[in-house]
>>> print(open('entry-v1.tsv').read())   # TSV, C-alpha atoms
chain	number	residue	atom	x	y	z
O	1	MET	CA	-44.92	39.26	47.37
O	2	PHE	CA	-41.48	38.24	48.54
O	3	SER	CA	-41.14	35.80	45.71
O	4	LYS	CA	-41.93	38.51	43.09
O	5	TYR	CA	-39.25	40.81	44.48
O	6	TYR	CA	-36.84	37.92	44.69
O	7	LEU	CA	-37.52	36.97	41.07
O	8	CYS	CA	-37.06	40.55	39.86
O	9	PHE	CA	-33.88	40.89	41.89
O	10	THR	CA	-32.49	37.69	40.50
O	11	LEU	CA	-33.35	38.65	36.91
O	12	LEU	CA	-31.81	42.09	37.31
O	13	LEU	CA	-28.63	40.60	38.67
O	14	SER	CA	-28.38	37.86	36.14
O	15	GLY	CA	-29.36	40.08	33.20
O	16	PRO	CA	-25.96	41.70	32.72
O	17	LEU	CA	-24.26	38.35	33.12
O	18	LEU	CA	-26.46	36.81	30.45
O	19	ALA	CA	-26.01	39.86	28.26
O	20	GLU	CA	-22.25	39.47	28.52
O	21	GLN	CA	-22.11	35.70	28.09
O	22	GLN	CA	-24.52	35.23	25.24
O	23	PRO	CA	-22.80	37.42	22.66
O	24	GLU	CA	-19.50	35.67	23.39
O	25	GLY	CA	-21.05	32.29	22.70
O	26	GLU	CA	-22.77	33.58	19.61
O	27	LYS	CA	-19.63	35.31	18.42
O	28	LYS	CA	-17.72	32.04	18.44
O	29	VAL	CA	-20.37	30.45	16.27
O	30	GLU	CA	-21.11	33.39	14.04
O	31	ASP	CA	-17.62	34.53	13.17
O	32	ALA	CA	-16.67	31.12	11.94
O	33	LEU	CA	-15.38	29.79	8.66
O	34	ILE	CA	-15.42	26.01	8.90
O	35	ALA	CA	-14.27	23.35	6.43
O	36	LEU	CA	-15.61	19.82	6.92
O	37	PRO	CA	-13.72	17.60	6.61
O	38	ASP	CA	-10.69	19.75	7.33
O	39	THR	CA	-8.17	17.03	6.41
O	40	CYS	CA	-7.59	15.07	3.21
O	41	VAL	CA	-5.47	11.92	3.29
O	42	ALA	CA	-3.57	10.77	0.19
O	43	LEU	CA	-1.89	7.40	-0.06
O	44	ARG	CA	1.54	8.73	-1.04
O	45	GLU	CA	3.33	11.97	-0.43
O	46	GLY	CA	3.31	14.09	-3.56
O	47	ARG	CA	0.10	12.68	-4.96
O	48	ASN	CA	-3.07	14.74	-5.26
O	49	CYS	CA	-5.77	14.19	-2.66
O	50	TYR	CA	-9.47	14.32	-3.43
O	51	ALA	CA	-12.32	15.17	-1.07
O	52	GLU	CA	-15.71	16.82	-1.15
O	53	VAL	CA	-15.58	19.56	1.45
O	54	ASP	CA	-18.37	21.71	2.86
O	55	ILE	CA	-17.12	25.20	3.66
O	56	THR	CA	-19.61	27.06	5.83
O	57	TRP	CA	-19.43	30.54	7.28
O	58	HIS	CA	-21.40	32.66	9.73
O	59	GLN	CA	-21.04	36.34	10.54
O	60	GLN	CA	-22.68	38.54	13.12
O	61	GLN	CA	-23.41	41.28	10.63
O	62	ILE	CA	-25.44	40.88	7.48
O	63	GLY	CA	-23.24	42.05	4.65
O	64	ASN	CA	-21.43	41.34	1.41
O	65	TYR	CA	-18.83	38.57	1.72
O	66	CYS	CA	-16.60	36.56	-0.58
O	67	LEU	CA	-14.78	33.28	-0.11
O	68	ARG	CA	-11.34	33.07	-1.66
O	69	ASN	CA	-8.30	30.83	-1.87
O	70	ALA	CA	-5.78	32.17	0.65
O	71	GLN	CA	-2.79	31.36	-1.56
O	72	SER	CA	-3.94	32.34	-5.04
O	73	LYS	CA	-6.49	34.95	-3.82
O	74	HIS	CA	-8.86	33.49	-6.37
O	75	ILE	CA	-12.48	34.39	-5.50
O	76	MET	CA	-14.56	31.22	-5.31
O	77	GLN	CA	-17.98	32.63	-4.46
O	78	CYS	CA	-19.58	35.83	-3.18
O	79	TRP	CA	-22.75	36.43	-1.20
O	80	LEU	CA	-24.77	39.68	-1.15
O	81	MET	CA	-26.47	40.83	2.03
O	82	GLN	CA	-26.06	37.50	3.80
O	83	GLN	CA	-25.14	36.40	7.33
O	84	LYS	CA	-24.18	32.81	6.51
O	85	GLY	CA	-23.31	30.66	3.54
O	86	LEU	CA	-22.27	27.25	2.26
O	87	PHE	CA	-19.85	26.39	-0.51
O	88	ARG	CA	-19.32	22.80	-1.61
O	89	TYR	CA	-15.70	22.48	-2.64
O	90	GLN	CA	-14.05	19.68	-4.61
O	91	PHE	CA	-10.63	19.46	-2.98
O	92	ASP	CA	-8.03	18.28	-5.51
O	93	SER	CA	-4.53	19.21	-4.42
O	94	ALA	CA	-1.14	17.88	-3.41
O	95	GLU	CA	-0.78	20.68	-0.84
O	96	THR	CA	-2.66	22.15	2.10
O	97	ILE	CA	-5.02	24.90	0.92
O	98	GLY	CA	-6.15	27.87	2.99
O	99	PHE	CA	-9.41	29.77	2.60
O	100	GLU	CA	-10.39	33.28	3.61
O	101	LEU	CA	-13.73	34.96	4.02
O	102	ILE	CA	-13.43	38.63	3.13
O	103	SER	CA	-15.82	41.52	3.42
O	104	SER	CA	-16.34	42.68	-0.12
O	105	ASP	CA	-17.12	46.14	1.19
O	106	ASN	CA	-13.63	46.81	2.53
O	107	GLY	CA	-11.58	43.79	1.38
O	108	LYS	CA	-10.61	42.81	4.93
O	109	VAL	CA	-10.28	39.18	5.97
O	110	VAL	CA	-12.96	38.38	8.54
O	111	ALA	CA	-12.32	34.63	8.96
O	112	SER	CA	-9.96	31.96	7.68
O	113	THR	CA	-9.55	28.20	7.66
O	114	GLU	CA	-7.62	25.50	5.81
O	115	ILE	CA	-7.88	21.95	4.52
O	116	GLN	CA	-4.79	20.11	5.58
O	117	LEU	CA	-3.19	17.46	3.43
O	118	GLN	CA	-1.82	14.30	5.00
O	119	TRP	CA	-0.42	11.15	3.47
O	120	VAL	CA	0.17	7.60	4.58
O	121	TYR	CA	3.42	6.68	2.83
O	122	LYS	CA	6.29	9.14	2.87
O	123	ASN	CA	8.85	7.05	1.02
O	124	ARG	CA	8.68	7.87	-2.68
O	125	GLN	CA	11.59	5.81	-3.92
O	126	LYS	CA	11.44	4.85	-7.54
O	127	LYS	CA	13.11	1.53	-6.98
O	128	ARG	CA	10.33	0.22	-4.83
O	129	ARG	CA	9.42	-3.40	-5.41
O	130	TRP	CA	6.06	-4.37	-4.04
O	131	ARG	CA	5.93	-7.96	-3.24
O	132	LEU	CA	2.36	-8.80	-3.99
O	133	PHE	CA	2.26	-12.57	-3.62
V	1	MET	CA	10.07	3.41	19.16
V	2	ARG	CA	12.22	0.72	20.75
V	3	VAL	CA	9.14	-1.39	21.36
V	4	TYR	CA	8.06	-0.92	17.76
V	5	SER	CA	11.49	-1.92	16.51
V	6	ALA	CA	11.52	-5.03	18.66
V	7	LEU	CA	8.04	-5.91	17.46
V	8	LEU	CA	9.05	-5.40	13.86
V	9	LEU	CA	12.15	-7.54	14.18
V	10	THR	CA	10.14	-10.27	15.85
V	11	CYS	CA	7.54	-10.17	13.11
V	12	LEU	CA	10.17	-10.17	10.37
V	13	THR	CA	11.78	-13.21	11.91
V	14	LEU	CA	8.51	-15.04	12.33
V	15	LEU	CA	7.17	-14.20	8.93
V	16	SER	CA	10.25	-14.48	6.80
V	17	ALA	CA	9.49	-18.15	6.26
V	18	THR	CA	6.06	-17.61	4.76
V	19	SER	CA	6.91	-16.09	1.41
V	20	GLN	CA	5.67	-17.60	-1.77
V	21	ALA	CA	6.15	-17.09	-5.47
V	22	SER	CA	7.47	-13.88	-6.89
V	23	ASN	CA	7.92	-10.24	-6.19
V	24	ARG	CA	7.60	-7.63	-8.88
V	25	TYR	CA	8.72	-4.16	-9.71
V	26	TYR	CA	6.25	-1.31	-9.55
V	27	ALA	CA	6.80	2.44	-9.51
V	28	ASP	CA	4.80	5.62	-9.84
V	29	ASN	CA	7.14	7.62	-12.03
V	30	THR	CA	4.98	10.72	-11.78
V	31	LEU	CA	6.21	11.23	-8.20
V	32	GLU	CA	9.49	12.85	-7.34
V	33	PRO	CA	11.59	10.24	-5.54
V	34	SER	CA	12.52	10.87	-1.92
V	35	GLN	CA	15.98	12.26	-1.36
V	36	GLY	CA	18.35	10.93	1.26
V	37	PHE	CA	16.94	8.67	3.93
V	38	ALA	CA	13.26	7.78	3.82
V	39	TRP	CA	11.29	4.96	5.31
V	40	ASP	CA	7.82	3.60	5.98
V	41	TRP	CA	6.71	0.63	7.96
V	42	GLY	CA	3.52	-0.92	9.12
V	43	ILE	CA	1.70	-4.01	10.27
V	44	GLY	CA	-1.67	-5.42	9.36
V	45	LEU	CA	-3.91	-8.40	8.88
V	46	GLY	CA	-5.57	-9.94	5.87
V	47	TYR	CA	-7.91	-12.69	4.78
V	48	TYR	CA	-6.85	-14.84	1.81
V	49	ILE	CA	-8.40	-17.46	-0.45
V	50	GLU	CA	-6.14	-19.68	-2.52
V	51	ASP	CA	-6.34	-22.45	-5.06
V	52	SER	CA	-2.84	-23.91	-4.69
V	53	TYR	CA	-0.92	-26.00	-7.23
V	54	LEU	CA	0.63	-28.45	-4.75
V	55	VAL	CA	-0.90	-31.94	-4.67
V	56	GLY	CA	-2.85	-32.91	-1.59
V	57	MET	CA	-3.93	-29.40	-0.82
V	58	ASP	CA	-7.51	-28.29	-0.93
V	59	SER	CA	-8.46	-26.38	-4.02
V	60	TYR	CA	-10.06	-23.90	-1.66
V	61	ASN	CA	-7.76	-22.74	1.11
V	62	ASP	CA	-8.51	-19.72	3.17
V	63	GLY	CA	-7.27	-18.13	6.34
V	64	ILE	CA	-5.90	-15.09	8.12
V	65	GLU	CA	-2.39	-13.83	7.40
V	66	PRO	CA	-0.33	-11.13	9.11
V	67	ASP	CA	1.14	-8.31	7.06
V	68	VAL	CA	4.49	-6.71	7.80
V	69	HIS	CA	5.84	-4.00	5.59
V	70	LEU	CA	9.11	-2.07	5.69
V	71	ALA	CA	10.46	0.18	2.94
V	72	VAL	CA	13.75	1.98	3.45
V	73	SER	CA	15.75	3.96	0.93
V	74	TYR	CA	18.96	5.90	1.21
V	75	ASP	CA	20.15	7.52	-2.00
V	76	SER	CA	20.82	4.64	-4.38
V	77	PHE	CA	20.26	1.88	-1.82
V	78	TYR	CA	16.86	0.45	-1.02
V	79	LEU	CA	15.40	-2.31	1.11
V	80	ASP	CA	11.88	-3.65	0.96
V	81	TYR	CA	10.10	-6.14	3.08
V	82	ASP	CA	6.47	-6.36	2.13
V	83	GLN	CA	3.77	-8.79	3.18
V	84	SER	CA	1.10	-6.49	1.87
V	85	GLN	CA	-0.66	-9.18	-0.01
V	86	LEU	CA	-0.23	-12.87	0.57
V	87	SER	CA	3.43	-13.24	1.23
V	88	GLY	CA	6.64	-11.34	1.36
V	89	GLY	CA	10.35	-11.39	1.42
V	90	LEU	CA	13.37	-9.22	1.74
V	91	THR	CA	14.55	-7.32	-1.32
V	92	LEU	CA	17.80	-5.40	-1.35
V	93	GLY	CA	18.80	-3.17	-4.20
V	94	TYR	CA	21.30	-0.65	-5.49
V	95	SER	CA	20.65	1.67	-8.40
V	96	VAL	CA	23.72	1.66	-10.63
V	97	ILE	CA	22.30	3.75	-13.48
V	98	ASP	CA	19.17	5.89	-13.44
V	99	LYS	CA	19.13	8.09	-16.50
V	100	PHE	CA	16.92	9.01	-19.48
V	101	GLU	CA	14.09	6.84	-18.17
V	102	TRP	CA	16.37	3.82	-18.09
V	103	GLY	CA	17.53	2.09	-14.96
V	104	LEU	CA	20.04	-0.58	-14.13
V	105	ASP	CA	19.92	-2.07	-10.67
V	106	ILE	CA	21.67	-4.76	-8.70
V	107	VAL	CA	18.98	-6.63	-6.79
V	108	GLY	CA	18.85	-9.48	-4.35
V	109	THR	CA	15.59	-11.17	-3.51
V	110	ASN	CA	13.72	-14.38	-2.77
V	111	ILE	CA	11.96	-15.80	-5.82
V	112	GLN	CA	10.59	-19.17	-4.80
V	113	SER	CA	9.18	-20.20	-1.47
V	114	GLY	CA	10.27	-23.40	0.09
V	115	PHE	CA	8.01	-26.29	0.97
V	116	ASP	CA	8.16	-29.74	2.48
V	117	GLU	CA	5.85	-32.65	3.22
V	118	THR	CA	3.62	-30.31	5.22
V	119	GLY	CA	3.14	-28.17	2.14
V	120	LEU	CA	3.81	-24.48	2.17
V	121	ASN	CA	4.71	-23.31	5.64
V	122	ILE	CA	1.69	-21.12	6.02
V	123	TYR	CA	-0.59	-24.10	5.95
V	124	GLY	CA	0.46	-25.65	9.24
V	125	ASN	CA	2.50	-28.61	10.40
V	126	ASP	CA	0.34	-31.57	9.42
V	127	VAL	CA	1.96	-33.90	6.90
V	128	ILE	CA	0.11	-34.00	3.59
V	129	LYS	CA	-0.26	-37.61	2.52
V	130	GLU	CA	0.55	-36.96	-1.14
V	131	LEU	CA	3.75	-35.09	-0.17
V	132	GLU	CA	4.89	-37.47	2.57
V	133	GLY	CA	8.57	-38.36	2.24
V	134	ILE	CA	9.70	-35.56	-0.04
V	135	ARG	CA	12.84	-33.71	0.92
V	136	THR	CA	12.59	-30.11	2.08
V	137	ARG	CA	12.82	-27.47	-0.66
V	138	ASP	CA	14.53	-24.40	0.81
V	139	TYR	CA	13.79	-20.77	0.10
V	140	ASP	CA	16.20	-19.34	-2.42
V	141	PHE	CA	17.90	-15.95	-2.50
V	142	ASP	CA	18.81	-14.68	-5.92
V	143	VAL	CA	21.11	-11.85	-6.90
V	144	GLY	CA	21.45	-10.25	-10.31
V	145	LEU	CA	20.72	-7.33	-12.59
V	146	ARG	CA	17.52	-5.60	-13.52
V	147	LEU	CA	17.17	-3.40	-16.57
V	148	SER	CA	14.08	-1.22	-16.60
V	149	ARG	CA	12.52	1.36	-18.87
V	150	ARG	CA	10.14	3.80	-17.27
V	151	PHE	CA	7.12	5.45	-18.75
V	152	GLU	CA	4.79	7.88	-17.02
V	153	ASN	CA	2.98	5.47	-14.74
V	154	SER	CA	4.26	2.17	-16.02
V	155	GLN	CA	7.51	0.39	-16.70
V	156	ILE	CA	8.88	-2.72	-18.26
V	157	SER	CA	11.72	-4.59	-16.60
V	158	PHE	CA	13.97	-7.52	-17.33
V	159	GLU	CA	15.89	-9.38	-14.67
V	160	TYR	CA	18.55	-12.00	-14.66
V	161	LEU	CA	19.08	-13.46	-11.22
V	162	HIS	CA	21.17	-16.30	-9.90
V	163	ASP	CA	20.71	-18.21	-6.68
V	164	VAL	CA	23.39	-17.47	-4.09
V	165	SER	CA	21.77	-19.30	-1.19
V	166	GLY	CA	22.83	-22.73	-2.37
V	167	ALA	CA	19.24	-23.93	-2.63
V	168	HIS	CA	19.13	-24.69	-6.34
V	169	ASN	CA	22.18	-22.85	-7.76
V	170	GLY	CA	20.23	-22.00	-10.89
V	171	TRP	CA	19.13	-18.90	-12.72
V	172	VAL	CA	15.81	-17.10	-13.07
V	173	MET	CA	14.85	-14.60	-15.77
V	174	ASN	CA	11.89	-12.29	-15.29
V	175	SER	CA	10.23	-9.90	-17.66
V	176	PHE	CA	7.48	-7.79	-16.20
V	177	PHE	CA	5.25	-4.95	-17.29
V	178	SER	CA	3.56	-3.05	-14.48
V	179	GLN	CA	1.31	-0.05	-14.24
V	180	ILE	CA	0.06	2.19	-11.45
V	181	ILE	CA	-3.20	4.01	-11.95
V	182	PRO	CA	-4.21	6.46	-9.22
V	183	TRP	CA	-7.92	7.21	-9.26
V	184	ARG	CA	-9.06	9.80	-6.73
V	185	ASN	CA	-7.51	8.51	-3.47
V	186	TRP	CA	-7.28	4.91	-4.70
V	187	GLU	CA	-4.17	3.34	-6.13
V	188	PHE	CA	-4.60	0.50	-8.61
V	189	ARG	CA	-1.60	-1.57	-9.61
V	190	SER	CA	-1.59	-4.23	-12.25
V	191	GLY	CA	1.13	-6.28	-13.84
V	192	VAL	CA	1.78	-9.09	-16.25
V	193	GLY	CA	5.01	-11.04	-16.49
V	194	LEU	CA	6.77	-13.98	-18.00
V	195	SER	CA	9.47	-15.85	-16.08
V	196	ALA	CA	11.89	-18.55	-17.11
V	197	TYR	CA	13.49	-20.94	-14.64
V	198	SER	CA	16.66	-22.89	-15.20
V	199	GLU	CA	16.77	-26.66	-15.22
V	200	ASP	CA	18.52	-26.57	-11.83
V	201	PHE	CA	15.72	-24.44	-10.39
V	202	THR	CA	12.91	-26.54	-11.86
V	203	ASN	CA	14.52	-29.79	-10.88
V	204	TYR	CA	15.19	-28.65	-7.33
V	205	TYR	CA	11.61	-27.54	-6.61
V	206	PHE	CA	9.56	-29.80	-8.86
V	207	GLY	CA	11.76	-32.79	-9.66
V	208	ILE	CA	11.44	-36.14	-7.86
V	209	SER	CA	14.66	-37.93	-6.98
V	210	ASP	CA	15.17	-41.68	-6.57
V	211	SER	CA	15.02	-41.35	-2.80
V	212	GLU	CA	11.67	-39.58	-2.96
V	213	ALA	CA	10.08	-41.85	-5.53
V	214	LEU	CA	7.17	-44.12	-4.63
V	215	ALA	CA	4.85	-46.31	-6.63
V	216	THR	CA	2.45	-43.37	-6.78
V	217	ARG	CA	5.21	-40.77	-7.19
V	218	PRO	CA	7.60	-41.60	-10.04
V	219	VAL	CA	11.04	-40.14	-10.56
V	220	TYR	CA	10.74	-36.85	-12.42
V	221	SER	CA	13.52	-34.79	-14.06
V	222	PRO	CA	12.17	-31.62	-15.65
V	223	ASP	CA	13.98	-29.20	-17.94
V	224	THR	CA	13.78	-25.43	-18.12
V	225	SER	CA	10.32	-24.13	-17.21
V	226	TYR	CA	8.20	-21.00	-17.53
V	227	SER	CA	5.39	-19.22	-15.79
V	228	LEU	CA	3.00	-16.47	-16.76
V	229	ILE	CA	1.77	-14.16	-14.06
V	230	PHE	CA	-1.03	-11.63	-13.79
V	231	GLU	CA	-1.77	-9.57	-10.74
V	232	PHE	CA	-3.99	-6.73	-9.64
V	233	HIS	CA	-3.78	-4.76	-6.44
V	234	ALA	CA	-5.69	-1.86	-4.92
V	235	GLU	CA	-4.98	0.35	-1.91
V	236	TYR	CA	-7.08	3.03	-0.28
V	237	PRO	CA	-6.16	5.31	2.63
V	238	ILE	CA	-8.86	5.05	5.27
V	239	ASN	CA	-7.13	7.76	7.30
V	240	ARG	CA	-3.59	8.98	8.08
V	241	HIS	CA	-2.50	5.57	9.44
V	242	TRP	CA	-4.92	2.92	8.16
V	243	VAL	CA	-4.91	1.53	4.64
V	244	PHE	CA	-7.30	-0.91	2.98
V	245	LEU	CA	-5.65	-3.46	0.69
V	246	THR	CA	-6.91	-5.99	-1.76
V	247	GLY	CA	-5.29	-8.05	-4.47
V	248	TRP	CA	-5.51	-10.90	-6.92
V	249	LEU	CA	-2.78	-13.10	-8.39
V	250	SER	CA	-3.03	-15.74	-11.08
V	251	THR	CA	-0.07	-17.82	-12.23
V	252	TRP	CA	0.06	-20.37	-15.04
V	253	PHE	CA	2.91	-22.86	-15.23
V	254	SER	CA	4.53	-24.61	-18.18
V	255	ASN	CA	4.44	-28.38	-18.68
V	256	ASP	CA	7.75	-29.00	-16.92
V	257	ILE	CA	6.23	-27.69	-13.69
V	258	HIS	CA	2.65	-28.84	-13.87
V	259	GLN	CA	3.52	-32.38	-14.99
V	260	SER	CA	5.51	-32.85	-11.78
V	261	PRO	CA	4.04	-35.58	-9.52
V	262	ILE	CA	3.80	-33.05	-6.70
V	263	ILE	CA	1.89	-30.47	-8.73
V	264	SER	CA	-1.84	-30.92	-9.19
V	265	GLN	CA	-2.70	-28.26	-11.76
V	266	GLU	CA	-1.14	-25.85	-14.22
V	267	TYR	CA	-2.44	-22.72	-12.50
V	268	GLN	CA	-2.66	-21.10	-9.12
V	269	HIS	CA	-5.00	-18.33	-7.99
V	270	LYS	CA	-4.87	-16.29	-4.87
V	271	ALA	CA	-6.88	-13.35	-3.57
V	272	LYS	CA	-6.72	-11.28	-0.44
V	273	VAL	CA	-8.31	-8.37	1.43
V	274	GLY	CA	-6.81	-6.71	4.46
V	275	VAL	CA	-5.99	-3.63	6.43
V	276	ARG	CA	-2.64	-2.20	7.43
V	277	TYR	CA	-1.52	0.30	10.06
V	278	VAL	CA	1.32	2.49	8.83
V	279	PHE	CA	3.41	4.14	11.55
>>> encode(input="entry-v1.tsv", output="structure tokens")
Amino acid sequence: MFSKYYLCFTLLLSGPLLAEQQPEGEKKVEDALIALPDTCVALREGRNCYAEVDITWHQQQIGNYCLRNAQSKHIMQCWLMQQKGLFRYQFDSAETIGFELISSDNGKVVASTEIQLQWVYKNRQKKRRWRLF
Amino acid sequence: MRVYSALLLTCLTLLSATSQASNRYYADNTLEPSQGFAWDWGIGLGYYIEDSYLVGMDSYNDGIEPDVHLAVSYDSFYLDYDQSQLSGGLTLGYSVIDKFEWGLDIVGTNIQSGFDETGLNIYGNDVIKELEGIRTRDYDFDVGLRLSRRFENSQISFEYLHDVSGAHNGWVMNSFFSQIIPWRNWEFRSGVGLSAYSEDFTNYYFGISDSEALATRPVYSPDTSYSLIFEFHAEYPINRHWVFLTGWLSTWFSNDIHQSPIISQEYQHKAKVGVRYVF
């Protein structure tokens, strides 16, 4: 008998805690717009970098969403009545590119991310002589 | 940074005696050149295979070689030290004219590696029987002019250089066509060139004097000589700091070089793969 009361008491106490913690954890996952990989490395500064990037998103609410380029505002893909999505993107740029997930119902940005561009060599002198052998 | 600088200086000092053959002019003219001061440097390691032209050396040499690379530019001045493939040397330059796709530069560089009875320095200190008793051939340092014409990702250049180190006191003329082809994140570089070497140059490196002559090594006095070179090189960025490198070089020599008693064949091939860390 004591154990039943103890179990109920424990559950009642821990219930609100769980109710508060779980949505926070889920929110972090669900409200995400993630690009993988999130970095593209080019050999020389100024040269285009190429990478195949998976852009995934999750939202708490099922709805109408669109993925767009944050700089050009060009819409890349839209989803109707979805809670998550995947877009395979061929990164081909000499600059960092940002992405935004917008609600197509009200046009508001609900999540954002970017693919950063890095390079190995920064010196772009024209007079460079490579000594090969 | 101080530690890195000390390490770099140490490496430059240690490795400056391992250069071999030629250095060539490459440029990606599709990129905007850096303004003001810009520099890159890195260190790495590579594995090479070589079929050398010196007598007494195995036709199949292989081993591990360090790679030190430094590229500095400040406006019209530039300095390059690059061991990215099999060897390296210091190149200093100043751009006199850079207009309408034409360029005129004053350059100073090492053209020919030195060698002695142990062979090329990178092969160790054991005396090679076939080279025993030859005098030491020093590394040269040549200064002169380079005229170049740029195209989108290629260029053709002509150089007239003269030795100022006192090694051979001769001239060297280089003509070279090079091309850079980026493909995705790879960079492919290829080049073909023809070089002419003065009689002083050829005689200094490949001639045999009375004091060096043996029954099996007759006196040899060559004239002006030539070489034809082909090379291919590829680089790939593994990540922000690490680069994969590979390359191939083939050189063919004219009769005045390959008929020398200390030269075994009219060609030389060399290949290498390696990695480099760029700071």
>>> atom_distance(input="entry-v1.tsv", atom1="CA of Pro237 (chain V)", atom2="CA of Asn153 (chain V)")
19.6 Å
>>> residues_around(input="entry-v1.tsv", residues="region 35-51 of chain O", least_positions_apart="2", cutoff="7 Å", atoms="only C-alpha atoms", output="list in words")
Leu33, Val53, Asp54, Ile55, Thr56, Gln90, Phe91, Asp92, Ser93, Ala94, Thr113, Glu114, Ile115, Gln116, Leu117, Gln118, Trp119, Val120, Tyr121 and Lys122 of chain O; Leu31, Arg184, Asn185, Tyr236, Pro237, Asn239 and Arg240 of chain V
>>> axis_aligned_box(input="entry-v1.tsv", around="region 54-68 of chain O", padding_each_side="3 Å", output="lines of an AutoDock Vina configuration file")
center_x = -18.4
center_y = 31.9
center_z = 5.7
size_x = 20.1
size_y = 26.3
size_z = 20.8
>>> residues_around(input="entry-v1.tsv", residues="Ser52 (chain V)", least_positions_apart="5", cutoff="8 Å", atoms="all atoms listed in the file", output="count of residues only")
9
>>> atom_distance(input="entry-v1.tsv", atom1="CA of Tyr139 (chain V)", atom2="CA of Gly207 (chain V)")
15.6 Å
>>> atom_distance(input="entry-v1.tsv", atom1="CA of Ile97 (chain O)", atom2="CA of Asn69 (chain O)")
7.3 Å
>>> residues_around(input="entry-v1.tsv", residues="Asn64 (chain O)", least_positions_apart="5", cutoff="12 Å", atoms="all atoms listed in the file", output="MDAnalysis selection string")
chainID O and resid 59 77:85 101:108 110
